[in-house]
Amino acid sequence: MEKSTYSTLVIDSSELAQYAGSPYRVPTVFAKTGEEGKAALLDSNRKFAAIFINPVLTKPGFLQTIALAHKHRPGVPLFVLYDQKDPLSVQEMTRLAIAKAIKKPLTDEIIQKNISEEVFNYHPNQEGIEATQTEDAEFVPIATADLLGGVPSFFDIYVRLPSGRHVKILDARDTLSPQRTLTYLEKGVPHFYLKKEAQKRCLTYCTILSHSLISNPDISYEIKYSESLNQGEALIDTIRKQGLQEESFDSIFEFLSNIHILTRKLNVSQEQAVQVFLANAHAYDHAVSTTIVAALLTSPLKIESTRAFETVGIASFLHDIALYQLLPHLQTHDESKMTEEEKNQYRNHPIASAEMVSQFQNVDTTTRQAIAQHHERRNNKGFPGKIPPSEINRVAEIVGLSDEFVRILENSKRVPGMNSLQEMERNIFDGFSFPVIEAFRSIFMKP
Ligand SMILES: [Fe+2]
Ligand SMILES: [Fe+2]
């Protein structure tokens with residue numbers, strides 16, 4: 001049998017194995033990473049009848065991938081996949097022009113229910129299907145056969161008359177039946193058209209959403225998590241400019257993209273404290289940045305077991321969780337603006353955070369201790385000052401040093417000419433043990 005030209009594209013970086021058991025009759029291209037997804041979307045030799053995306057994705061992340069799909073595959077129906085809960089509200093799906101959310105596993109049956117088989121049976125062999133497209137300021141061409149799947153279109157669809165005028169043949173939200181599409185193909189209409197403006201609106205919305213994602217109640221915790229890991233890339237760029245070697249990043253992204261699995265294990269997404277934390281963009285950004293720096297420090301400190309990795313990841317991600325229950329000015333770390341009573345509250349946030357975290361499932365003692373001690377310093381200048389310097393746990397030092405570095409990087413954006421590494425040498429190293437300082441130097445201060 002002749003191979004079908006159209007296939008589906010499934011971009012899913014998690015638990016892909018569940019697809020392996022059931023061979024697909026519908027031809028399908030699987031992308032196991034954001035990168036593979038991007039490559040497939042940009043590959044002009046492939047034709048996709050539909051694109052299925054699991055939004056828990058990094059490098060590029062979900063919103064970037066959606067934007068790539070709208071840009072390079074305009075008019076091809078998009079679907080999102082999810083494990084447990086609908087990842088997006090209906091309103092957000094409409095704005096992003098996503099046809100439907102589908103609960104995994106994705107099966108042949110589901111694909112066939114949503115996409116007419118005509119598209120898979122279609123073989124664009126003859127009659128100039130790749131006919132030259134006229135550049136147009138207002139319209140973007142799409143292959144007519146892309147619509148054979150019979151999925152409702154998010155866009156108004158036009159045809160171009162020989163005079164060069166465009167005539168609308170379908171209103172957004174309506175479906176062009178595969179039969180009608182076939183008729184157009186038989187008549188030798190190789191392209192339909194969308195308004196460029198409509199395409200641009202989608203792309204712009206992807207950008208807007210990526211900036212307001214954390215505080216958006218219509219977006220699932222999983223998407224927020226994986227998208228903020230992508231935003232961690234900005235921090236990595238900053239660090240890279242400090243001269244960090246490229247190879248240090250190799251394992252970091254994998255580590256980061258696994259953290260959402262770890263936090264899921266803790267079963268924390270329903271906890272009120274976690275909700276408050278997730279709704280606070282700065283808090284979230286700080287947590288992710290601290291986690292990235294801490295993860296970088298694990299390698300020179302020879303922290304290699306999965307368990308130890310998880311401890312560092314969870315402790316650095318949740319270290320300040322109770323801080324965000326306090327009044328906003330107590331979250332700034334500026335004690336000069338606090339009353340005595342407020343200062344006590346602020347200085348208690350490591351203990352309060354540890355207590356909060358100890359109520360989550362599967363949190364071990366080291367993680368709890370590390371959070372409780374993340375502001376303790378070996379020069380006795382830390383707080384709450386509950387333990388002698390020699391007893392500060394190693395993970396607490398990693399979280400503490402990472403936290404300080406991230407705060408200095410944040411400040412350096414506001415203070416022109418500030419040298420973050422000099423600042424670390426001058427004011428921070430003093431409070432930490434030699435191996436941890438050496439680890440930091442080996443990563444961030446290579447000659
Ligand atoms: Fe803190
Ligand atoms: Fe912090």
# chains A, B, ... in the order shown; residues from 1 in each chain; ligands from 1
call {"tool": "residues_around", "arguments": {"residues": "A:Ala69", "least_positions_apart": "3", "cutoff": "9 Å", "atoms": "only C-alpha atoms", "output": "PyMOL selection string"}}
result
chain A and resi 38+41-42+51+64-66+72-74+76+78
call {"tool": "closest_atom_pairs", "arguments": {"of": "chain A", "to": "ligand 1", "cutoff": "8 Å", "atoms": "only C-alpha atoms and all ligand atoms", "output": "Markdown table"}}
result
| residue | atom | partner | partner_atom_place_in_ligand_line | distance |
| --- | --- | --- | --- | --- |
| A:His319 | CA | ligand 1 | 1 (Fe) | 6.3 |
| A:Asp320 | CA | ligand 1 | 1 (Fe) | 4.8 |
| A:Leu323 | CA | ligand 1 | 1 (Fe) | 7.1 |
| A:His349 | CA | ligand 1 | 1 (Fe) | 6.8 |
| A:Pro350 | CA | ligand 1 | 1 (Fe) | 6.1 |
| A:His374 | CA | ligand 1 | 1 (Fe) | 6.5 |
| A:His375 | CA | ligand 1 | 1 (Fe) | 6.3 |
| A:Gly400 | CA | ligand 1 | 1 (Fe) | 7.8 |
| A:Asp403 | CA | ligand 1 | 1 (Fe) | 7.3 |
call {"tool": "write_last_selection", "arguments": {"atoms": "all heavy atoms", "output": "PDB file, in the first residue's frame"}}
result
ATOM      1  N   HIS A 319      12.099  26.466  49.357  1.00  0.00           N
ATOM      2  CA  HIS A 319      12.757  26.987  50.562  1.00  0.00           C
ATOM      3  C   HIS A 319      12.061  28.178  51.217  1.00  0.00           C
ATOM      4  O   HIS A 319      12.103  28.337  52.423  1.00  0.00           O
ATOM      5  CB  HIS A 319      14.230  27.318  50.280  1.00  0.00           C
ATOM      6  CG  HIS A 319      14.455  28.527  49.419  1.00  0.00           C
ATOM      7  ND1 HIS A 319      14.429  28.478  48.051  1.00  0.00           N
ATOM      8  CD2 HIS A 319      14.708  29.820  49.735  1.00  0.00           C
ATOM      9  CE1 HIS A 319      14.655  29.689  47.561  1.00  0.00           C
ATOM     10  NE2 HIS A 319      14.832  30.524  48.564  1.00  0.00           N
ATOM     11  N   ASP A 320      11.402  29.019  50.438  1.00  0.00           N
ATOM     12  CA  ASP A 320      10.789  30.235  50.992  1.00  0.00           C
ATOM     13  C   ASP A 320       9.272  30.151  51.071  1.00  0.00           C
ATOM     14  O   ASP A 320       8.607  31.171  51.216  1.00  0.00           O
ATOM     15  CB  ASP A 320      11.148  31.445  50.107  1.00  0.00           C
ATOM     16  CG  ASP A 320      12.495  32.051  50.468  1.00  0.00           C
ATOM     17  OD1 ASP A 320      12.945  31.856  51.624  1.00  0.00           O
ATOM     18  OD2 ASP A 320      13.097  32.700  49.600  1.00  0.00           O
ATOM     19  N   LEU A 323       7.405  32.301  53.386  1.00  0.00           N
ATOM     20  CA  LEU A 323       7.680  33.740  53.290  1.00  0.00           C
ATOM     21  C   LEU A 323       6.530  34.464  52.596  1.00  0.00           C
ATOM     22  O   LEU A 323       6.194  35.592  52.939  1.00  0.00           O
ATOM     23  CB  LEU A 323       8.992  33.946  52.509  1.00  0.00           C
ATOM     24  CG  LEU A 323       9.512  35.368  52.354  1.00  0.00           C
ATOM     25  CD1 LEU A 323       9.942  35.950  53.699  1.00  0.00           C
ATOM     26  CD2 LEU A 323      10.707  35.403  51.396  1.00  0.00           C
ATOM     27  N   HIS A 349      10.801  32.690  58.910  1.00  0.00           N
ATOM     28  CA  HIS A 349      10.259  32.043  57.699  1.00  0.00           C
ATOM     29  C   HIS A 349      10.936  30.718  57.333  1.00  0.00           C
ATOM     30  O   HIS A 349      10.280  29.828  56.806  1.00  0.00           O
ATOM     31  CB  HIS A 349      10.203  33.012  56.497  1.00  0.00           C
ATOM     32  CG  HIS A 349      11.464  33.151  55.707  1.00  0.00           C
ATOM     33  ND1 HIS A 349      12.351  34.180  55.884  1.00  0.00           N
ATOM     34  CD2 HIS A 349      12.012  32.372  54.725  1.00  0.00           C
ATOM     35  CE1 HIS A 349      13.370  34.034  55.054  1.00  0.00           C
ATOM     36  NE2 HIS A 349      13.194  32.938  54.336  1.00  0.00           N
ATOM     37  N   PRO A 350      12.248  30.538  57.648  1.00  0.00           N
ATOM     38  CA  PRO A 350      12.819  29.216  57.321  1.00  0.00           C
ATOM     39  C   PRO A 350      12.161  28.084  58.121  1.00  0.00           C
ATOM     40  O   PRO A 350      11.847  27.025  57.561  1.00  0.00           O
ATOM     41  CB  PRO A 350      14.297  29.364  57.705  1.00  0.00           C
ATOM     42  CG  PRO A 350      14.558  30.838  57.662  1.00  0.00           C
ATOM     43  CD  PRO A 350      13.283  31.472  58.116  1.00  0.00           C
ATOM     44  N   HIS A 374      18.230  27.366  55.767  1.00  0.00           N
ATOM     45  CA  HIS A 374      18.798  27.994  54.569  1.00  0.00           C
ATOM     46  C   HIS A 374      19.329  29.407  54.792  1.00  0.00           C
ATOM     47  O   HIS A 374      20.051  29.934  53.955  1.00  0.00           O
ATOM     48  CB  HIS A 374      17.835  27.919  53.365  1.00  0.00           C
ATOM     49  CG  HIS A 374      16.692  28.894  53.354  1.00  0.00           C
ATOM     50  ND1 HIS A 374      15.462  28.604  53.893  1.00  0.00           N
ATOM     51  CD2 HIS A 374      16.584  30.152  52.848  1.00  0.00           C
ATOM     52  CE1 HIS A 374      14.640  29.641  53.712  1.00  0.00           C
ATOM     53  NE2 HIS A 374      15.310  30.608  53.087  1.00  0.00           N
ATOM     54  N   HIS A 375      18.966  30.030  55.939  1.00  0.00           N
ATOM     55  CA  HIS A 375      19.569  31.353  56.231  1.00  0.00           C
ATOM     56  C   HIS A 375      20.603  31.272  57.357  1.00  0.00           C
ATOM     57  O   HIS A 375      21.119  32.299  57.784  1.00  0.00           O
ATOM     58  CB  HIS A 375      18.495  32.374  56.602  1.00  0.00           C
ATOM     59  CG  HIS A 375      17.735  32.905  55.412  1.00  0.00           C
ATOM     60  ND1 HIS A 375      18.273  33.822  54.531  1.00  0.00           N
ATOM     61  CD2 HIS A 375      16.484  32.618  54.952  1.00  0.00           C
ATOM     62  CE1 HIS A 375      17.376  34.102  53.583  1.00  0.00           C
ATOM     63  NE2 HIS A 375      16.291  33.361  53.815  1.00  0.00           N
ATOM     64  N   GLY A 400      21.236  27.917  50.527  1.00  0.00           N
ATOM     65  CA  GLY A 400      21.562  29.254  51.035  1.00  0.00           C
ATOM     66  C   GLY A 400      22.450  30.032  50.070  1.00  0.00           C
ATOM     67  O   GLY A 400      22.168  31.188  49.757  1.00  0.00           O
ATOM     68  N   ASP A 403      20.509  30.862  46.896  1.00  0.00           N
ATOM     69  CA  ASP A 403      19.547  31.919  47.222  1.00  0.00           C
ATOM     70  C   ASP A 403      20.243  33.287  47.228  1.00  0.00           C
ATOM     71  O   ASP A 403      19.757  34.253  46.629  1.00  0.00           O
ATOM     72  CB  ASP A 403      18.968  31.589  48.598  1.00  0.00           C
ATOM     73  CG  ASP A 403      17.923  32.582  49.070  1.00  0.00           C
ATOM     74  OD1 ASP A 403      17.184  33.111  48.225  1.00  0.00           O
ATOM     75  OD2 ASP A 403      17.842  32.829  50.288  1.00  0.00           O
TER      76      ASP A 403
END
call {"tool": "select_by_dssp", "arguments": {"residues": "stretch 156-200 of chain A", "states": "helix (DSSP H, G or I)", "output": "PyMOL selection string"}}
result
chain A and resi 178-186+196-200
call {"tool": "closest_residue", "arguments": {"among": "A:Ala322, A:Ile314, A:Val274, A:Ile428", "to": "A:Gln345", "atoms": "only C-alpha atoms"}}
result
A:Ala322
call {"tool": "residues_around", "arguments": {"residues": "stretch 181-195 of chain A", "least_positions_apart": "4", "cutoff": "8 Å", "atoms": "only C-alpha atoms", "output": "number ranges by chain"}}
result
A: 75, 127-131, 138-145, 147-148, 155-160, 176-177, 199
